[in-house]
Amino acid sequence: MPAKSGFPWAGPPVLEKRRPSAATALDPVFMSKHGAIPRPLTSGTGTGLKGRIRVPGDKSISHRALMLGALALGETEIHGLLEGEDVLRTAAAMRQLGGSAEKGADGIWRARGRGNGGLAEASDVLDLGNAGTGTRLLMGLVAAYPMTTFFTGDASLRSRPMARVADPLRQMGASFVTRSNGRPPLAVIGTANPVPITYKLPVASAQVKSAILLAGLNTPGNTTVIEPEHTRDHTELMLRGFGVDIRVEETPEGRASSITGQPELKGRRIIVPGDPSSAAFPIVAALILPGSDIVIENVGLNPHRIGLIDSLLEMGGAIEIQNARVEAGEKVGDLHVRHSHLRGITVPASRAPSMIDEYPILSVAAAFAEGETRMLGLAELRVKESDRLGAMARGLAACGVSVEEGEDWLGVTGNGKRPRGGAHIAVNLDHRPAMSFLVLGLGAEKPVSIDDGSPIDTSFPGFSDLMNGMGAAIRLQNR
Ligand SMILES: O=C(O)C1=C[C@@H](OP(=O)(O)O)[C@@H](O)[C@H](O)C1
Ligand SMILES: C=C(OP(=O)(O)O)C(=O)O
């Protein structure tokens, strides 16, 4: 259904910036994106959403598929790779490190590996753009090679803490030159003689766990990561799919994942499911907009990624999982979502790792719910692409929502009615608050605008068009 016209604020339709192809991912126009012309967007009262959609591929799985594909012997076919900027940066980085990753005319990506241990020193800086995952996982991968690798990224990435990855990798023998507080630009000085470690994660982070396991791939002996809190296990599942013997066991200290280094990885076929972190936006939009009834097909339902669905079900959301199945080692299903009257709940800290990227959009759902939603254990939100806890608290308050912000918690109280809206939000290079406030604007009394929608391309290219195709009204803002 086309977007409705006739809103007083309506501007021209959103023309999504086309994704650079793999071949152009490093061209100067794309690279200038860090300082690109902002794309201000406005969203206003939408109709109920209707339709069957698919969201783009999972970002976490896409990064890992390109990295492991470049290490495997033979060809790895990747179906449904996310062609978002973060992942295209990883594809470019793998090529700089001597791997191959190209999209075929049939739309399928293919990586041809150099064999485990076969990466080569990059002749230039790896620019990972906005991508924390790409940067941290690659820091691990290159740490166990006798070569030096330089990393940089956009202003957001250059503010993110990397010591959490450098600390364990130092124990394995690598050294680092970084800006203050371990921030990029940074250099990883890899080691010719990496040492296997057993490392207990001080912070619940799949990125840190994965960086260590990836360093362990080129390290003789057993590398073990112990995580007191379970985080997403895409690295472990995918390594197993490449034929690596990875042992996972519960111990009194937490879940321990071990690999014996220097295995051979065999090229394989990977099917990337739709990203549940992207599906989160149409899910919440459908729940809050009266009359909505949508199906999102082929969404990844890895048990360590579905905390948002659990929370929304507790709030009274009508979300039904259909056609549940397993594809290429990952759980997948279709989600049928209908408009619902939501009630506030307490979201325990223990749930945070399974929905860490979904708090911005959950806080929007909470603004439409009746009563308080209190979200606990959110310290990690302070060190994402922006301080998401602060950003959501300030933006929701500007939209007339009652908010309480603690150091590591957020309380949002709604009255079961539409919030006022009517605010202009600065998104600070952060895609998730950007999409969250656009969803809020669809259901609010007054339109909500954001200063720049271009960061959305990092994880969800085509977001506005996909939403507008179901009846939403997201427009380029008249300037
Ligand atoms: O491993 C991954 O792919 C990711 C892990 C999470 O980060 P942390 O490991 O910092 O929690 C998440 O926020 C990020 O978007 C993707
Ligand atoms: C935190 C995120 O990504 P990254 O850490 O890869 O930048 C995200 O996508 O919300």
# chains A, B, ... in the order shown; residues from 1 in each chain; ligands from 1
call {"tool": "residues_near_ligand", "arguments": {"ligand": "ligand 2", "cutoff": "10 Å", "atoms": "only C-alpha atoms and all ligand atoms", "output": "number ranges by chain"}}
result
A: 59-60, 63, 86-87, 128-137, 156-157, 160, 205-207, 277-278, 355-360, 380-381, 383-386, 388, 430-433, 456, 458-460
call {"tool": "write_last_selection", "arguments": {"atoms": "C-alpha atoms", "output": "PDB file, in the first residue's frame"}}
result
ATOM      1  CA  LYS A  59      24.263  -8.133  10.527  1.00  0.00           C
ATOM      2  CA  SER A  60      26.072 -10.319  13.075  1.00  0.00           C
ATOM      3  CA  HIS A  63      30.100 -10.121   9.279  1.00  0.00           C
ATOM      4  CA  ASP A  86      28.873  -2.054   8.186  1.00  0.00           C
ATOM      5  CA  VAL A  87      29.014  -5.384   6.379  1.00  0.00           C
ATOM      6  CA  LEU A 128      35.422   0.004   9.310  1.00  0.00           C
ATOM      7  CA  GLY A 129      33.107   3.028   9.155  1.00  0.00           C
ATOM      8  CA  ASN A 130      30.504   2.792  11.916  1.00  0.00           C
ATOM      9  CA  ALA A 131      30.978  -0.911  12.707  1.00  0.00           C
ATOM     10  CA  GLY A 132      31.971  -1.988  16.209  1.00  0.00           C
ATOM     11  CA  THR A 133      31.416  -5.660  15.357  1.00  0.00           C
ATOM     12  CA  GLY A 134      33.568  -5.546  12.234  1.00  0.00           C
ATOM     13  CA  THR A 135      36.367  -3.765  14.085  1.00  0.00           C
ATOM     14  CA  ARG A 136      36.433  -5.913  17.203  1.00  0.00           C
ATOM     15  CA  LEU A 137      36.148  -9.268  15.441  1.00  0.00           C
ATOM     16  CA  SER A 156      31.242   7.274  16.395  1.00  0.00           C
ATOM     17  CA  LEU A 157      33.605   4.303  16.005  1.00  0.00           C
ATOM     18  CA  ARG A 160      34.251   3.428  21.203  1.00  0.00           C
ATOM     19  CA  SER A 205      29.897  -9.191  24.982  1.00  0.00           C
ATOM     20  CA  ALA A 206      29.622 -11.478  21.981  1.00  0.00           C
ATOM     21  CA  GLN A 207      32.096  -9.223  20.207  1.00  0.00           C
ATOM     22  CA  SER A 277      17.272  -6.478  15.398  1.00  0.00           C
ATOM     23  CA  SER A 278      15.904  -4.928  12.176  1.00  0.00           C
ATOM     24  CA  MET A 355      18.134  -7.797  23.338  1.00  0.00           C
ATOM     25  CA  ILE A 356      21.017  -5.363  23.779  1.00  0.00           C
ATOM     26  CA  ASP A 357      20.376  -3.503  20.502  1.00  0.00           C
ATOM     27  CA  GLU A 358      16.601  -3.467  20.990  1.00  0.00           C
ATOM     28  CA  TYR A 359      16.256  -1.163  24.027  1.00  0.00           C
ATOM     29  CA  PRO A 360      15.848   1.999  21.933  1.00  0.00           C
ATOM     30  CA  GLU A 380      26.425  -1.276  27.858  1.00  0.00           C
ATOM     31  CA  LEU A 381      24.027   1.094  26.083  1.00  0.00           C
ATOM     32  CA  VAL A 383      29.114   2.666  24.819  1.00  0.00           C
ATOM     33  CA  LYS A 384      27.284   1.793  21.613  1.00  0.00           C
ATOM     34  CA  GLU A 385      27.367   3.958  18.458  1.00  0.00           C
ATOM     35  CA  SER A 386      26.202   6.726  20.804  1.00  0.00           C
ATOM     36  CA  ARG A 388      21.802   5.199  23.683  1.00  0.00           C
ATOM     37  CA  ASP A 430      23.420   6.102  15.509  1.00  0.00           C
ATOM     38  CA  HIS A 431      21.051   4.036  13.355  1.00  0.00           C
ATOM     39  CA  ARG A 432      18.946   2.492  16.128  1.00  0.00           C
ATOM     40  CA  PRO A 433      17.722   5.694  17.847  1.00  0.00           C
ATOM     41  CA  ILE A 456      20.235   3.787   8.986  1.00  0.00           C
ATOM     42  CA  THR A 458      24.627   0.759   8.250  1.00  0.00           C
ATOM     43  CA  SER A 459      22.172  -1.964   9.289  1.00  0.00           C
ATOM     44  CA  PHE A 460      18.830  -1.517   7.489  1.00  0.00           C
TER      45      PHE A 460
END
call {"tool": "residues_around", "arguments": {"residues": "Ile53 in chain A", "least_positions_apart": "5", "cutoff": "7 Å", "atoms": "only C-alpha atoms", "output": "list in words"}}
result
Val295, Ile296 and Glu297 of chain A
call {"tool": "closest_residue", "arguments": {"among": "A:Glu83, A:Asp233, A:Glu370, A:Asp334", "to": "Asn302 in chain A", "atoms": "only C-alpha atoms"}}
result
A:Asp233
call {"tool": "residues_around", "arguments": {"residues": "Leu301 in chain A", "least_positions_apart": "5", "cutoff": "7 Å", "atoms": "only C-alpha atoms", "output": "PDB file with N, CA and C atoms, in the first residue's frame"}}
result
ATOM      1  N   PRO A 276      16.761 -10.110  13.359  1.00  0.00           N
ATOM      2  CA  PRO A 276      15.720  -9.802  14.357  1.00  0.00           C
ATOM      3  C   PRO A 276      15.855  -8.387  14.911  1.00  0.00           C
ATOM      4  N   ILE A 306      16.239 -13.105  21.166  1.00  0.00           N
ATOM      5  CA  ILE A 306      14.787 -12.870  21.134  1.00  0.00           C
ATOM      6  C   ILE A 306      14.240 -12.253  22.431  1.00  0.00           C
ATOM      7  N   LYS A 331      18.004 -20.890  14.044  1.00  0.00           N
ATOM      8  CA  LYS A 331      16.533 -20.934  14.115  1.00  0.00           C
ATOM      9  C   LYS A 331      15.938 -19.745  13.363  1.00  0.00           C
ATOM     10  N   VAL A 332      14.852 -20.009  12.643  1.00  0.00           N
ATOM     11  CA  VAL A 332      14.215 -18.993  11.804  1.00  0.00           C
ATOM     12  C   VAL A 332      12.705 -19.177  11.901  1.00  0.00           C
ATOM     13  N   GLY A 333      11.934 -18.127  11.718  1.00  0.00           N
ATOM     14  CA  GLY A 333      10.480 -18.244  11.667  1.00  0.00           C
ATOM     15  C   GLY A 333       9.863 -17.002  11.042  1.00  0.00           C
TER      16      GLY A 333
END
call {"tool": "closest_residue", "arguments": {"among": "A:Asp58, A:Asp245, A:Glu264, A:Asp452", "to": "ligand 1", "atoms": "only C-alpha atoms and all ligand atoms"}}
result
A:Asp58
call {"tool": "select_by_dssp", "arguments": {"residues": "range 234-347 of chain A", "states": "strand (DSSP E or B)", "output": "short mmCIF file (atom, residue, chain, number, x, y, z; two decimals) with C-alpha atoms, in the first residue's frame"}}
result
data_model
loop_
_atom_site.label_atom_id
_atom_site.label_comp_id
_atom_site.auth_asym_id
_atom_site.auth_seq_id
_atom_site.Cartn_x
_atom_site.Cartn_y
_atom_site.Cartn_z
CA ILE A 246 34.14 -26.24 19.09
CA ARG A 247 33.20 -27.50 22.52
CA VAL A 248 30.61 -25.67 24.59
CA GLU A 249 29.89 -26.68 28.18
CA GLU A 250 28.25 -25.20 31.24
CA THR A 251 30.70 -24.74 34.13
CA GLY A 254 29.62 -19.81 33.19
CA ARG A 255 29.37 -21.16 29.69
CA ALA A 256 32.80 -22.19 28.37
CA SER A 257 33.48 -22.31 24.62
CA SER A 258 36.79 -23.89 23.52
CA ILE A 259 38.53 -24.41 20.23
CA THR A 260 41.72 -26.23 19.42
CA LYS A 266 35.91 -26.09 4.78
CA ARG A 269 26.79 -22.66 2.08
CA ILE A 270 25.45 -20.06 4.49
CA ILE A 271 21.87 -18.84 4.50
CA GLY A 274 16.45 -11.73 8.37
CA ASP A 293 -1.69 -6.65 10.79
CA ILE A 294 1.61 -7.71 9.23
CA VAL A 295 3.78 -10.76 8.65
CA ILE A 296 7.58 -10.53 8.70
CA GLU A 297 8.97 -13.60 6.98
CA ASN A 298 12.21 -15.39 7.60
CA VAL A 299 13.35 -13.71 10.82
CA GLY A 300 16.33 -15.14 12.72
CA ALA A 318 0.09 -10.01 19.70
CA ILE A 319 3.13 -11.67 18.12
CA GLU A 320 2.80 -15.17 16.77
CA ILE A 321 5.71 -17.26 15.51
CA GLN A 322 4.78 -19.27 12.44
CA ASN A 323 6.66 -21.78 10.33
CA ALA A 324 9.50 -22.20 12.88
CA ARG A 325 12.46 -24.04 11.33
CA VAL A 326 16.26 -24.36 11.38
CA GLU A 327 18.27 -23.15 8.39
CA GLU A 330 20.16 -21.02 12.90
CA LYS A 331 16.53 -20.93 14.11
CA VAL A 332 14.21 -18.99 11.80
CA GLY A 333 10.48 -18.24 11.67
CA ASP A 334 7.80 -15.89 10.34
CA LEU A 335 6.27 -13.35 12.72
CA HIS A 336 2.61 -12.39 12.57
CA VAL A 337 2.14 -9.10 14.43
CA ARG A 338 -1.09 -7.20 15.15
CA ARG A 343 1.15 -2.75 29.47
CA THR A 346 9.99 -4.71 34.38
CA VAL A 347 12.65 -6.04 32.03
#
call {"tool": "closest_residue", "arguments": {"among": "A:Ala285, A:Ser354, A:Phe176, A:Ala187", "to": "ligand 1", "atoms": "only C-alpha atoms and all ligand atoms"}}
result
A:Ser354
call {"tool": "residues_around", "arguments": {"residues": "Ala279 in chain A", "least_positions_apart": "4", "cutoff": "7 Å", "atoms": "only C-alpha atoms", "output": "list in words"}}
result
Val55, Asp275 and Ile283 of chain A
call {"tool": "write_last_selection", "arguments": {"atoms": "C-alpha atoms", "output": "JSON list (two decimals), in the first residue's frame"}}
result
[["chain", "number", "residue", "atom", "x", "y", "z"],
["A", 55, "VAL", "CA", 13.87, -7.44, 6.46],
["A", 275, "ASP", "CA", 17.91, -9.69, 11.21],
["A", 283, "ILE", "CA", 7.24, -5.27, 14.94]]
call {"tool": "closest_residue", "arguments": {"among": "A:Val195, A:Leu97, A:Ala211, A:Ala369", "to": "ligand 1", "atoms": "only C-alpha atoms and all ligand atoms"}}
result
A:Ala211
call {"tool": "atom_distance", "arguments": {"atom1": "CA of Ala72 in chain A", "atom2": "CA of Arg110 in chain A"}}
result
11.7 Å
call {"tool": "select_by_dssp", "arguments": {"residues": "range 278-453 of chain A", "states": "alpha helix (DSSP H)", "output": "ChimeraX atom specification"}}
result
/A:278-288,307-314,359-368,388-398,431-443
call {"tool": "residues_around", "arguments": {"residues": "Leu138 in chain A", "least_positions_apart": "6", "cutoff": "10 Å", "atoms": "only C-alpha atoms", "output": "PyMOL selection string"}}
result
chain A and resi 63-64+67+90+93-94+126+128+132+149+151+188+207+210-211+214-215
call {"tool": "residues_around", "arguments": {"residues": "Ala473 in chain A", "least_positions_apart": "2", "cutoff": "8 Å", "atoms": "only C-alpha atoms", "output": "list in words"}}
result
Ala3, Lys4, Ser43, Gly44, Thr45, Gly46, Leu442, Met467, Asn468, Gly471 and Arg475 of chain A
